[in-house]
file data-v8.txt (compact mmCIF, C-alpha atoms)
# COMPACT_ATOMS: atom_id res chain seq x y z
CA MET A 27 10.51 18.05 -21.51
CA VAL A 28 11.58 14.42 -21.18
CA ASN A 29 10.72 12.11 -24.07
CA LEU A 30 8.99 8.96 -22.86
CA GLY A 31 11.09 6.82 -25.17
CA ASP A 32 14.33 8.16 -23.65
CA LEU A 33 13.54 6.78 -20.20
CA ILE A 34 14.91 3.30 -20.90
CA THR A 35 17.71 2.02 -23.14
CA ALA A 36 17.61 -0.77 -25.70
CA ALA A 37 20.19 -2.67 -23.66
CA GLU A 38 17.94 -2.52 -20.60
CA ILE A 39 14.99 -3.80 -22.61
CA HIS A 40 17.06 -6.74 -23.87
CA GLU A 41 17.94 -7.51 -20.23
CA VAL A 42 14.27 -7.34 -19.18
CA VAL A 43 13.35 -9.82 -21.93
CA ARG A 44 16.21 -12.14 -21.01
CA LYS A 45 15.18 -12.19 -17.34
CA SER A 46 11.46 -12.58 -17.97
CA LEU A 47 11.39 -14.88 -21.02
CA GLY A 48 14.80 -16.50 -21.25
CA GLY A 49 17.62 -16.39 -23.79
CA ALA A 50 15.64 -17.85 -26.71
CA PHE A 51 13.87 -14.53 -27.43
CA ARG A 52 15.36 -11.68 -29.43
CA VAL A 53 14.00 -8.13 -29.29
CA ILE A 54 12.85 -6.82 -32.68
CA ASP A 55 11.01 -3.68 -31.64
CA TYR A 56 9.58 -1.91 -28.60
CA ARG A 57 7.46 1.07 -27.68
CA LEU A 58 6.36 2.88 -24.53
CA GLU A 59 2.71 3.91 -24.11
CA LYS A 60 1.89 6.32 -21.29
CA VAL A 61 -0.88 5.18 -18.97
CA ALA A 62 -3.68 7.75 -19.04
CA GLY A 63 -4.86 9.54 -15.91
CA GLN A 64 -3.11 9.16 -12.57
CA PRO A 65 -3.18 5.51 -11.46
CA GLY A 66 -0.82 6.35 -8.59
CA PHE A 67 0.36 9.42 -6.71
CA LEU A 68 4.12 8.92 -6.53
CA GLY A 69 5.21 8.50 -10.13
CA GLU A 70 4.30 8.31 -13.78
CA TYR A 71 3.32 5.12 -15.52
CA ALA A 72 3.61 3.48 -18.93
CA HIS A 73 3.29 0.15 -20.69
CA LEU A 74 6.38 -1.23 -22.38
CA VAL A 75 5.34 -3.32 -25.39
CA VAL A 76 8.15 -5.49 -26.77
CA THR A 77 8.04 -7.45 -30.03
CA THR A 78 10.25 -10.52 -29.88
CA LEU A 79 11.40 -13.25 -32.24
CA GLN A 80 11.74 -16.74 -30.84
CA SER A 81 14.93 -18.08 -32.38
CA GLU A 82 13.92 -21.74 -32.40
CA ASN A 83 10.83 -21.38 -34.59
CA ASP A 84 10.91 -17.81 -35.98
CA ILE A 85 7.66 -16.91 -34.20
CA THR A 86 7.14 -13.23 -33.40
CA ASP A 87 5.07 -12.17 -30.42
CA GLU A 88 4.29 -9.12 -28.29
CA HIS A 89 4.92 -8.96 -24.56
CA ARG A 90 3.66 -6.16 -22.32
CA TYR A 91 5.32 -4.89 -19.15
CA PHE A 92 4.38 -2.22 -16.61
CA VAL A 93 6.76 0.72 -16.19
CA LYS A 94 6.74 3.16 -13.28
CA CYS A 95 9.18 6.04 -12.97
CA LEU A 96 9.77 9.26 -11.13
CA PRO A 97 7.51 12.09 -12.36
CA PHE A 98 9.03 13.79 -15.38
CA THR A 99 6.22 16.23 -16.27
CA ASP A 100 6.01 17.89 -12.83
CA GLU A 101 9.39 19.07 -11.58
CA LYS A 102 8.07 20.17 -8.18
CA GLN A 103 6.49 16.81 -7.49
CA ARG A 104 9.62 15.02 -8.70
CA LYS A 105 11.81 17.10 -6.36
CA ILE A 106 9.59 16.37 -3.34
CA ILE A 107 9.51 12.62 -4.05
CA GLN A 108 13.28 12.55 -4.52
CA GLU A 109 13.81 14.53 -1.32
CA PHE A 110 11.89 12.01 0.76
CA GLY A 111 13.30 9.02 -1.14
CA ILE A 112 9.87 7.45 -1.59
CA PHE A 113 10.28 6.17 -5.14
CA THR A 114 13.88 5.02 -4.80
CA LYS A 115 12.94 3.16 -1.62
CA GLU A 116 10.73 0.70 -3.52
CA CYS A 117 13.34 0.21 -6.25
CA VAL A 118 15.97 -0.72 -3.67
CA CYS A 119 13.51 -3.00 -1.83
CA TYR A 120 12.96 -5.03 -5.00
CA ARG A 121 16.61 -5.02 -5.98
CA GLU A 122 18.28 -5.77 -2.65
CA LEU A 123 15.68 -7.06 -0.17
CA PHE A 124 12.85 -8.93 -1.93
CA SER A 125 15.41 -10.65 -4.15
CA GLN A 126 16.70 -12.41 -1.00
CA PHE A 127 13.27 -13.72 0.02
CA ASP A 128 12.46 -17.37 -0.62
CA GLN A 129 11.01 -17.77 -4.13
CA ASN A 130 10.13 -21.49 -4.00
CA PRO A 131 6.48 -21.77 -5.20
CA GLU A 132 6.04 -24.94 -3.16
CA LYS A 133 6.68 -22.97 0.01
CA VAL A 134 5.71 -19.41 -0.88
CA LEU A 135 2.49 -17.94 -2.30
CA LYS A 136 2.84 -15.32 -5.00
CA TRP A 137 2.41 -12.08 -3.04
CA LYS A 138 3.96 -9.40 -5.30
CA PRO A 139 4.53 -8.77 -9.01
CA GLU A 140 7.81 -9.80 -10.61
CA CYS A 141 10.25 -6.95 -11.18
CA TRP A 142 12.71 -7.24 -14.07
CA LEU A 143 14.50 -3.90 -13.79
CA ALA A 144 14.84 -1.67 -10.71
CA ARG A 145 16.79 1.51 -11.26
CA ASP A 146 16.60 4.21 -8.62
CA ASP A 147 14.35 6.24 -10.91
CA LEU A 148 12.50 3.58 -12.94
CA MET A 149 11.12 0.06 -12.62
CA VAL A 150 9.97 -2.47 -15.22
CA MET A 151 7.58 -4.98 -13.75
CA GLU A 152 5.22 -7.76 -14.64
CA ASP A 153 1.99 -6.36 -16.07
CA LEU A 154 -0.48 -8.02 -13.73
CA THR A 155 -3.44 -7.30 -16.02
CA VAL A 156 -1.91 -9.65 -18.60
CA ALA A 157 -1.98 -12.37 -15.93
CA GLY A 158 -5.66 -11.68 -15.26
CA PHE A 159 -5.38 -9.44 -12.21
CA HIS A 160 -7.63 -6.40 -11.73
CA PRO A 161 -7.90 -3.65 -9.11
CA MET A 162 -11.11 -3.37 -7.15
CA PRO A 163 -13.38 -0.72 -8.69
CA PHE A 164 -13.69 2.56 -6.83
CA LYS A 165 -16.36 2.41 -4.07
CA ARG A 166 -16.75 -1.37 -4.38
CA PRO A 167 -16.93 -2.84 -0.85
CA PHE A 168 -14.43 -5.47 0.25
CA SER A 169 -16.08 -8.69 1.41
CA LYS A 170 -14.84 -11.31 3.84
CA GLY A 171 -13.42 -13.20 0.85
CA HIS A 172 -11.40 -10.19 -0.31
CA MET A 173 -10.05 -9.56 3.16
CA MET A 174 -9.02 -13.18 3.69
CA LEU A 175 -6.94 -13.09 0.49
CA VAL A 176 -5.31 -9.79 1.52
CA LEU A 177 -4.46 -11.17 4.96
CA GLU A 178 -3.03 -14.36 3.42
CA ARG A 179 -0.69 -12.39 1.15
CA MET A 180 0.23 -10.07 3.98
CA ALA A 181 1.08 -13.08 6.14
CA GLN A 182 3.22 -14.45 3.30
CA LEU A 183 5.19 -11.20 3.03
CA HIS A 184 5.74 -11.22 6.79
CA ALA A 185 6.72 -14.91 6.80
CA CYS A 186 9.31 -14.32 4.04
CA SER A 187 10.74 -11.48 6.11
CA LEU A 188 10.98 -13.69 9.21
CA ASP A 189 12.52 -16.54 7.18
CA LEU A 190 15.26 -14.22 5.94
CA GLU A 191 15.89 -12.92 9.45
CA TYR A 192 15.84 -16.20 11.38
CA ASN A 193 16.94 -18.82 8.85
CA HIS A 194 19.40 -16.89 6.71
CA MET A 195 20.62 -13.98 8.83
CA LYS A 196 20.64 -15.93 12.11
CA GLY A 197 18.40 -13.46 13.90
CA GLU A 198 20.14 -10.29 12.76
CA ASN A 199 17.73 -7.35 12.80
CA LEU A 200 16.47 -6.67 9.25
CA GLY A 201 15.79 -3.07 10.15
CA ASN A 202 19.48 -2.53 10.85
CA ARG A 203 20.75 -4.52 7.86
CA PHE A 204 18.40 -2.86 5.37
CA GLN A 205 17.92 0.55 6.95
CA LYS A 206 18.85 2.34 3.71
CA MET A 207 15.57 1.05 2.21
CA LEU A 208 13.37 0.68 5.30
CA PHE A 209 13.57 4.29 6.48
CA GLU A 210 10.52 6.42 7.33
CA THR A 211 9.15 8.55 4.49
CA THR A 212 5.65 9.54 5.55
CA PHE A 213 4.73 9.45 9.25
CA MET A 214 6.95 12.36 10.26
CA ARG A 215 6.40 15.85 11.64
CA GLU A 216 8.59 17.00 8.75
CA SER A 217 6.15 15.62 6.17
CA PRO A 218 3.78 18.44 5.15
CA TRP A 219 1.59 15.95 3.27
CA PHE A 220 0.98 13.85 6.37
CA VAL A 221 0.58 16.79 8.77
CA ALA A 222 -2.03 18.28 6.41
CA GLY A 223 -3.83 14.94 6.65
CA LEU A 224 -3.90 15.01 10.45
CA LYS A 225 -5.26 18.56 10.35
CA GLY A 226 -7.94 17.30 8.00
CA ILE A 227 -9.01 14.70 10.57
CA LEU A 228 -9.32 17.47 13.16
CA LYS A 229 -11.36 19.55 10.71
CA VAL A 230 -13.88 16.72 10.25
CA ALA A 231 -13.96 15.97 13.98
CA LEU A 232 -14.83 19.60 14.71
CA ASN A 233 -17.26 20.19 11.86
CA GLY A 234 -18.74 16.89 10.80
CA SER A 235 -18.45 14.15 13.41
CA LYS A 236 -21.40 13.22 15.60
CA TYR A 237 -19.43 14.49 18.60
CA SER A 238 -19.12 18.00 17.16
CA GLN A 239 -22.81 18.59 18.03
CA ASN A 240 -21.99 18.55 21.75
CA SER A 241 -20.31 21.80 22.84
CA ASP A 242 -18.37 20.15 25.68
CA HIS A 243 -17.08 17.40 23.39
CA LYS A 244 -16.23 19.92 20.69
CA SER A 245 -14.21 22.03 23.12
CA ILE A 246 -12.22 18.98 24.24
CA ILE A 247 -11.58 17.94 20.62
CA GLU A 248 -10.46 21.43 19.68
CA THR A 249 -7.97 21.81 22.53
CA GLN A 250 -6.62 18.26 22.85
CA MET A 251 -6.95 16.26 19.64
CA MET A 252 -3.88 17.42 17.72
CA LYS A 253 -1.68 16.72 20.74
CA LYS A 254 -3.19 13.25 21.18
CA MET A 255 -2.73 12.46 17.49
CA ASP A 256 0.97 13.25 17.91
CA ARG A 257 1.37 9.74 19.33
CA ILE A 258 1.41 8.39 15.76
CA PHE A 259 4.95 9.69 15.39
CA GLU A 260 6.01 7.62 18.39
CA LEU A 261 4.18 4.59 16.97
CA SER A 262 6.14 5.00 13.73
CA GLU A 263 9.46 4.45 15.49
CA PRO A 264 11.15 1.01 15.42
CA SER A 265 9.92 -1.29 18.17
CA SER A 266 12.06 -3.07 20.75
CA ARG A 267 8.95 -4.44 22.45
CA PHE A 268 7.36 -6.47 19.64
CA GLN A 269 8.69 -8.73 16.89
CA SER A 270 9.00 -6.76 13.65
CA VAL A 271 8.78 -7.74 9.99
CA VAL A 272 8.93 -5.96 6.65
CA VAL A 273 5.52 -4.29 6.49
CA HIS A 274 3.79 -2.85 3.44
CA LYS A 275 2.08 -0.09 5.49
CA ASP A 276 -0.05 1.30 2.65
CA LEU A 277 -2.77 -1.27 2.08
CA TRP A 278 -5.57 0.85 0.64
CA TYR A 279 -7.81 -0.50 -2.11
CA ASN A 280 -5.57 0.53 -5.04
CA ASN A 281 -2.47 -1.19 -3.66
CA MET A 282 -3.63 -4.74 -4.30
CA MET A 283 -4.93 -6.54 -7.36
CA PHE A 284 -7.18 -9.58 -7.55
CA ARG A 285 -8.07 -12.36 -9.90
CA PHE A 286 -11.84 -12.75 -10.06
CA ASP A 287 -14.19 -15.45 -11.20
CA GLN A 288 -16.27 -14.69 -14.30
CA ASP A 289 -20.01 -14.94 -14.73
CA GLN A 290 -21.72 -16.91 -17.52
CA GLN A 291 -21.32 -13.98 -19.93
CA GLY A 292 -17.57 -13.79 -19.26
CA ASN A 293 -17.78 -10.62 -17.18
CA VAL A 294 -15.53 -10.15 -14.16
CA ASP A 295 -17.39 -10.95 -10.95
CA TYR A 296 -15.82 -8.54 -8.47
CA ASP A 297 -17.63 -10.24 -5.59
CA LYS A 298 -15.75 -13.51 -6.15
CA PRO A 299 -11.98 -13.01 -5.81
CA SER A 300 -9.76 -16.06 -6.23
CA ASP A 301 -6.22 -14.65 -5.94
CA CYS A 302 -4.48 -11.50 -4.74
CA VAL A 303 -1.15 -9.71 -5.15
CA LEU A 304 0.15 -6.72 -3.14
CA ILE A 305 1.69 -3.81 -5.05
CA ASP A 306 3.47 -0.49 -4.33
CA PHE A 307 5.99 -0.75 -1.49
CA GLN A 308 7.11 2.89 -1.38
CA ILE A 309 6.57 3.34 2.36
CA SER A 310 7.63 -0.11 3.62
CA ARG A 311 9.26 -0.30 7.04
CA TYR A 312 10.55 -2.83 9.55
CA GLN A 313 7.78 -2.78 12.15
CA PRO A 314 5.40 -5.11 13.99
CA PRO A 315 2.89 -6.94 11.74
CA ALA A 316 0.03 -5.33 13.68
CA ILE A 317 0.78 -2.17 11.67
CA ASP A 318 -0.13 -3.89 8.39
CA PHE A 319 -3.08 -5.73 9.86
CA LEU A 320 -4.69 -2.62 11.33
CA CYS A 321 -4.01 -0.53 8.23
CA ALA A 322 -5.71 -3.15 6.06
CA ILE A 323 -8.70 -3.51 8.38
CA TYR A 324 -9.33 0.22 8.78
CA LEU A 325 -8.55 1.16 5.17
CA LEU A 326 -10.48 -1.63 3.43
CA THR A 327 -13.59 -2.22 5.55
CA ARG A 328 -16.50 -0.14 6.75
CA ARG A 329 -17.22 -0.05 10.45
CA PRO A 330 -20.17 -2.54 10.57
CA HIS A 331 -18.04 -5.03 8.63
CA ARG A 332 -15.02 -4.82 10.91
CA ASP A 333 -17.11 -4.71 14.08
CA GLN A 334 -18.65 -8.00 13.03
CA LEU A 335 -15.53 -9.78 11.75
CA PHE A 336 -12.57 -8.16 13.56
CA ASP A 337 -11.99 -11.09 15.94
CA PHE A 338 -12.23 -13.55 13.04
CA TYR A 339 -9.61 -11.61 11.07
CA VAL A 340 -7.31 -11.38 14.10
CA LYS A 341 -7.28 -15.18 14.42
CA TYR A 342 -7.22 -15.78 10.67
CA TYR A 343 -4.10 -13.68 10.11
CA HIS A 344 -2.22 -15.30 12.99
CA ASP A 345 -3.20 -18.78 11.78
CA GLN A 346 -2.09 -17.91 8.25
CA LEU A 347 1.22 -16.58 9.50
CA GLY A 348 1.72 -19.83 11.40
CA HIS A 349 0.91 -21.86 8.28
CA ARG A 350 3.26 -19.87 6.05
CA LEU A 351 6.07 -20.02 8.65
CA GLN A 352 5.67 -23.77 9.04
CA LYS A 353 6.44 -24.20 5.33
CA LEU A 354 9.65 -22.27 5.96
CA ASP A 355 10.60 -24.41 8.98
CA LEU A 356 9.68 -21.82 11.60
CA LYS A 357 7.10 -21.85 14.40
CA VAL A 358 4.86 -18.87 14.96
CA GLU A 359 4.67 -19.41 18.71
CA ASP A 360 8.46 -19.10 18.93
CA ILE A 361 8.43 -15.79 17.04
CA LEU A 362 5.07 -14.08 17.48
CA PRO A 363 3.13 -15.80 20.28
CA ARG A 364 -0.59 -15.13 20.25
CA GLU A 365 -0.37 -13.13 23.48
CA GLN A 366 2.21 -10.75 21.95
CA TRP A 367 0.09 -10.53 18.79
CA MET A 368 -2.98 -9.46 20.76
CA GLU A 369 -0.99 -6.97 22.83
CA SER A 370 0.51 -5.38 19.74
CA LEU A 371 -2.92 -4.91 18.15
CA GLU A 372 -4.07 -2.80 21.07
CA HIS A 373 -0.78 -0.88 21.16
CA TYR A 374 -0.98 0.14 17.47
CA LYS A 375 -4.73 0.68 17.11
CA LEU A 376 -4.36 4.45 16.87
CA PHE A 377 -1.96 4.03 13.96
CA GLY A 378 -4.58 2.22 11.87
CA LEU A 379 -7.28 4.70 12.79
CA LEU A 380 -5.28 7.81 11.92
CA TRP A 381 -3.78 6.44 8.73
CA SER A 382 -7.25 5.50 7.51
CA GLY A 383 -8.51 9.02 8.25
CA VAL A 384 -5.61 10.63 6.40
CA LEU A 385 -5.91 8.36 3.37
CA HIS A 386 -9.70 8.28 3.14
CA ALA A 387 -9.68 12.08 2.92
CA TYR A 388 -7.30 11.85 -0.03
CA VAL A 389 -8.05 8.72 -2.08
CA ASN A 390 -11.86 8.71 -1.73
CA LEU A 391 -12.33 12.03 -3.49
CA PRO A 392 -14.45 11.72 -6.67
CA GLU A 393 -12.68 9.54 -9.22
CA GLY A 394 -10.31 11.57 -11.37
CA TYR A 395 -10.55 14.73 -9.26
CA ILE A 396 -6.90 14.81 -8.12
CA ALA A 397 -5.56 14.05 -11.62
CA GLU A 398 -7.73 16.80 -13.09
CA LEU A 399 -6.64 19.26 -10.40
CA HIS A 400 -3.00 18.38 -11.04
CA GLN A 401 -3.39 19.04 -14.75
CA SER A 402 -5.60 22.13 -14.60
CA ASP A 403 -4.11 23.94 -11.59
CA PRO A 404 -0.72 22.63 -10.38
CA GLY A 405 -0.56 25.37 -7.74
CA ALA A 406 -3.88 24.34 -6.18
CA TYR A 407 -2.81 20.67 -6.44
CA HIS A 408 0.34 21.29 -4.39
CA GLU A 409 -1.57 23.52 -1.95
CA PHE A 410 -4.04 20.67 -1.41
CA GLY A 411 -1.32 18.08 -0.95
CA LEU A 412 1.27 19.96 1.07
CA VAL A 413 -0.36 22.91 2.85
CA SER A 414 -4.03 22.40 3.66
CA ARG A 415 -6.72 20.16 2.22
CA ASP A 416 -9.43 21.45 4.58
CA ALA A 417 -11.37 23.46 1.98
CA VAL A 418 -11.49 20.64 -0.57
CA LEU A 419 -12.15 18.09 2.16
CA MET A 420 -15.16 19.93 3.57
CA LYS A 421 -16.51 20.72 0.10
CA PHE A 422 -16.78 17.04 -0.81
CA PHE A 423 -17.74 16.10 2.74
CA GLN A 424 -20.92 18.09 2.10
CA LEU A 425 -21.45 17.02 -1.52
CA ASP A 426 -20.41 13.35 -1.68
CA GLU A 427 -22.13 10.77 0.51
CA TYR A 428 -19.51 8.05 -0.03
CA TYR A 429 -16.67 10.44 0.81
CA ARG A 430 -18.50 11.67 3.91
CA GLU A 431 -19.46 8.23 5.24
CA THR A 432 -16.03 6.61 4.79
CA LEU A 433 -14.36 9.57 6.51
CA LEU A 434 -16.81 9.52 9.42
CA ASP A 435 -16.20 5.79 9.85
CA SER A 436 -12.59 6.59 10.73
CA VAL A 437 -12.98 9.97 12.41
CA ASP A 438 -15.84 9.05 14.78
CA GLU A 439 -14.05 5.90 15.89
CA THR A 440 -10.80 7.86 16.34
CA VAL A 441 -12.54 10.43 18.55
CA GLU A 442 -14.09 7.63 20.61
CA TYR A 443 -10.72 5.92 20.99
CA LEU A 444 -8.90 9.11 22.03
CA PHE A 445 -11.49 10.55 24.41
CA GLY A 446 -13.73 7.66 25.44
CA PHE A 447 -16.88 9.48 24.28
call {"tool": "encode", "arguments": {"input": "data-v8.txt", "output": "structure tokens"}}
result
Amino acid sequence: MVNLGDLITAAEIHEVVRKSLGGAFRVIDYRLEKVAGQPGFLGEYAHLVVTTLQSENDITDEHRYFVKCLPFTDEKQRKIIQEFGIFTKECVCYRELFSQFDQNPEKVLKWKPECWLARDDLMVMEDLTVAGFHPMPFKRPFSKGHMMLVLERMAQLHACSLDLEYNHMKGENLGNRFQKMLFETTFMRESPWFVAGLKGILKVALNGSKYSQNSDHKSIIETQMMKKMDRIFELSEPSSRFQSVVVHKDLWYNNMMFRFDQDQQGNVDYDKPSDCVLIDFQISRYQPPAIDFLCAIYLLTRRPHRDQLFDFYVKYYHDQLGHRLQKLDLKVEDILPREQWMESLEHYKLFGLLWSGVLHAYVNLPEGYIAELHQSDPGAYHEFGLVSRDAVLMKFFQLDEYYRETLLDSVDETVEYLFGF
């Protein structure tokens, strides 16, 4: 059993303090406090609390950081994550890629947390909650205001990527330069987790979608859908047709944090976001920005919302990208003309639909269910993640209205897109 306190050295903590606070602070004491539950799926999490002494005035203070590391209590999960390189990928992104992005606050919006230490197995980052950021509560709907902030930060990430490529690397392909950190980890036939997710979509299409009530439609779905969904593996390949950027690719509700206004009693008003930061870059790639846009739209909005505002969001993102690029002395029409942008959205639509179906089946289970399953029955947890989630999926499809409705949002629209029903 690994001791939490052994994960990081005193020398590393001194370096974190130096980078985050400056040389005037001396470390007196520190402790690591494990974060309860399972706030993420690809690691374990702790708070690093450091007591410092400010040499100029002898004032002591506490500073809190967020620590994420490879799983150390589940050897099987650790081995799988190491095999696919998912955790290390984000560490290297922060250490070698994001560190080269423009950091000038007059040109660049804050779009990610600061990272003070990025080992291949552990990261020490800014604790965003200290800065007033909060995740959206489970089941809370995203409004137009939330989505605009997400699209702005997404556009900023993409603009920083394009600035590095065009202004600093003279047009050299980022995907080639940084391929050791921008490799595929998830959307592969070799990924049992993802394939189980696609099979889950088929299960819902056959047993729960509105098209499963028609015997002719059901027969077509049963014989053709898995083959048609195979196209996602082609869509996950690098593109020579469209301009690419560094994409996040995993923009579900837990992978962003917001600042919110407060009501008169000082309570957080989750309906009034004022700022946003993107987190968790474990599956980042070098791909067209349409990938991120469609993932965000299909993962964060319900169908009536996106049907009403899709065209607005399409224009808003492209305008924001143009605005962010202008501050970096680039022109959007030279890099991603509106015509190419619109064409790429149609080309990658299936990607957004399928990824939303896979993720909704996993992350919209009753709050705490996966963490409890992991703790109480590790064998069933790994069976659910890596072999088949059909039984669990259909159980909660019947029992949980929110789970059922969010899944059907994706699955019904996917069936319509694939078969024209």
call {"tool": "atom_distance", "arguments": {"input": "data-v8.txt", "atom1": "atom CA of Lys60 of chain A", "atom2": "atom CA of Asp100 of chain A"}}
result
14.9 Å
call {"tool": "residues_near_point", "arguments": {"input": "data-v8.txt", "point": "(9.7, -9.3, -11.1)", "cutoff": "10 Å", "atoms": "all atoms listed in the file", "output": "PDB file with C-alpha atoms, keeping the file's coordinate frame"}}
result
ATOM      1  CA  VAL A  42      14.270  -7.340 -19.180  1.00  0.00           C
ATOM      2  CA  LYS A  45      15.180 -12.190 -17.340  1.00  0.00           C
ATOM      3  CA  SER A  46      11.460 -12.580 -17.970  1.00  0.00           C
ATOM      4  CA  TYR A 120      12.960  -5.030  -5.000  1.00  0.00           C
ATOM      5  CA  ARG A 121      16.610  -5.020  -5.980  1.00  0.00           C
ATOM      6  CA  PHE A 124      12.850  -8.930  -1.930  1.00  0.00           C
ATOM      7  CA  SER A 125      15.410 -10.650  -4.150  1.00  0.00           C
ATOM      8  CA  LYS A 138       3.960  -9.400  -5.300  1.00  0.00           C
ATOM      9  CA  PRO A 139       4.530  -8.770  -9.010  1.00  0.00           C
ATOM     10  CA  GLU A 140       7.810  -9.800 -10.610  1.00  0.00           C
ATOM     11  CA  CYS A 141      10.250  -6.950 -11.180  1.00  0.00           C
ATOM     12  CA  TRP A 142      12.710  -7.240 -14.070  1.00  0.00           C
ATOM     13  CA  LEU A 143      14.500  -3.900 -13.790  1.00  0.00           C
ATOM     14  CA  ALA A 144      14.840  -1.670 -10.710  1.00  0.00           C
ATOM     15  CA  MET A 149      11.120   0.060 -12.620  1.00  0.00           C
ATOM     16  CA  VAL A 150       9.970  -2.470 -15.220  1.00  0.00           C
ATOM     17  CA  MET A 151       7.580  -4.980 -13.750  1.00  0.00           C
ATOM     18  CA  GLU A 152       5.220  -7.760 -14.640  1.00  0.00           C
ATOM     19  CA  ASP A 153       1.990  -6.360 -16.070  1.00  0.00           C
TER      20      ASP A 153
END
call {"tool": "residues_around", "arguments": {"input": "data-v8.txt", "residues": "segment 439-446 of chain A", "least_positions_apart": "4", "cutoff": "9 Å", "atoms": "all atoms listed in the file", "output": "mmCIF file with C-alpha atoms, in the frame of the given file"}}
result
data_model
loop_
_atom_site.group_PDB
_atom_site.id
_atom_site.type_symbol
_atom_site.label_atom_id
_atom_site.label_comp_id
_atom_site.auth_asym_id
_atom_site.auth_seq_id
_atom_site.Cartn_x
_atom_site.Cartn_y
_atom_site.Cartn_z
ATOM 1 C CA ALA A 231 -13.960 15.970 13.980
ATOM 2 C CA SER A 235 -18.450 14.150 13.410
ATOM 3 C CA TYR A 237 -19.430 14.490 18.600
ATOM 4 C CA HIS A 243 -17.080 17.400 23.390
ATOM 5 C CA ILE A 246 -12.220 18.980 24.240
ATOM 6 C CA ILE A 247 -11.580 17.940 20.620
ATOM 7 C CA MET A 251 -6.950 16.260 19.640
ATOM 8 C CA LYS A 254 -3.190 13.250 21.180
ATOM 9 C CA MET A 255 -2.730 12.460 17.490
ATOM 10 C CA ARG A 329 -17.220 -0.050 10.450
ATOM 11 C CA LYS A 375 -4.730 0.680 17.110
ATOM 12 C CA LEU A 376 -4.360 4.450 16.870
ATOM 13 C CA LEU A 379 -7.280 4.700 12.790
ATOM 14 C CA LEU A 380 -5.280 7.810 11.920
ATOM 15 C CA GLY A 383 -8.510 9.020 8.250
ATOM 16 C CA LEU A 434 -16.810 9.520 9.420
ATOM 17 C CA ASP A 435 -16.200 5.790 9.850
#
call {"tool": "residues_around", "arguments": {"input": "data-v8.txt", "residues": "segment 397-404 of chain A", "least_positions_apart": "2", "cutoff": "12 Å", "atoms": "all atoms listed in the file", "output": "number ranges by chain"}}
result
A: 62-67, 70, 99-103, 388-389, 391-395, 406-412, 418
call {"tool": "write_last_selection", "arguments": {"input": "data-v8.txt", "atoms": "C-alpha atoms", "output": "mmCIF file, in the frame of the given file"}}
result
data_model
loop_
_atom_site.group_PDB
_atom_site.id
_atom_site.type_symbol
_atom_site.label_atom_id
_atom_site.label_comp_id
_atom_site.auth_asym_id
_atom_site.auth_seq_id
_atom_site.Cartn_x
_atom_site.Cartn_y
_atom_site.Cartn_z
ATOM 1 C CA ALA A 62 -3.680 7.750 -19.040
ATOM 2 C CA GLY A 63 -4.860 9.540 -15.910
ATOM 3 C CA GLN A 64 -3.110 9.160 -12.570
ATOM 4 C CA PRO A 65 -3.180 5.510 -11.460
ATOM 5 C CA GLY A 66 -0.820 6.350 -8.590
ATOM 6 C CA PHE A 67 0.360 9.420 -6.710
ATOM 7 C CA GLU A 70 4.300 8.310 -13.780
ATOM 8 C CA THR A 99 6.220 16.230 -16.270
ATOM 9 C CA ASP A 100 6.010 17.890 -12.830
ATOM 10 C CA GLU A 101 9.390 19.070 -11.580
ATOM 11 C CA LYS A 102 8.070 20.170 -8.180
ATOM 12 C CA GLN A 103 6.490 16.810 -7.490
ATOM 13 C CA TYR A 388 -7.300 11.850 -0.030
ATOM 14 C CA VAL A 389 -8.050 8.720 -2.080
ATOM 15 C CA LEU A 391 -12.330 12.030 -3.490
ATOM 16 C CA PRO A 392 -14.450 11.720 -6.670
ATOM 17 C CA GLU A 393 -12.680 9.540 -9.220
ATOM 18 C CA GLY A 394 -10.310 11.570 -11.370
ATOM 19 C CA TYR A 395 -10.550 14.730 -9.260
ATOM 20 C CA ALA A 406 -3.880 24.340 -6.180
ATOM 21 C CA TYR A 407 -2.810 20.670 -6.440
ATOM 22 C CA HIS A 408 0.340 21.290 -4.390
ATOM 23 C CA GLU A 409 -1.570 23.520 -1.950
ATOM 24 C CA PHE A 410 -4.040 20.670 -1.410
ATOM 25 C CA GLY A 411 -1.320 18.080 -0.950
ATOM 26 C CA LEU A 412 1.270 19.960 1.070
ATOM 27 C CA VAL A 418 -11.490 20.640 -0.570
#
call {"tool": "closest_residue", "arguments": {"input": "data-v8.txt", "among": "A:Glu116, A:Asp301, A:Asp337, A:Asp355", "to": "Trp137 of chain A", "atoms": "only C-alpha atoms"}}
result
A:Asp301
call {"tool": "residues_around", "arguments": {"input": "data-v8.txt", "residues": "segment 163-178 of chain A", "least_positions_apart": "4", "cutoff": "7 Å", "atoms": "all atoms listed in the file", "output": "list in words"}}
result
Gln182, Pro299, Asp301, Cys302, Leu326, Thr327, Tyr343 and Gln346 of chain A
call {"tool": "atom_distance", "arguments": {"input": "data-v8.txt", "atom1": "atom CA of His73 of chain A", "atom2": "atom CA of Val61 of chain A"}}
result
6.8 Å
call {"tool": "residues_around", "arguments": {"input": "data-v8.txt", "residues": "segment 285-295 of chain A", "least_positions_apart": "4", "cutoff": "9 Å", "atoms": "all atoms listed in the file", "output": "PyMOL selection string"}}
result
chain A and resi 157-161+299-303
call {"tool": "atom_distance", "arguments": {"input": "data-v8.txt", "atom1": "atom CA of Val75 of chain A", "atom2": "atom CA of Lys136 of chain A"}}
result
23.8 Å
call {"tool": "residues_around", "arguments": {"input": "data-v8.txt", "residues": "segment 267-272 of chain A", "least_positions_apart": "5", "cutoff": "6 Å", "atoms": "only C-alpha atoms", "output": "PyMOL selection string"}}
result
chain A and resi 184+187+311-314
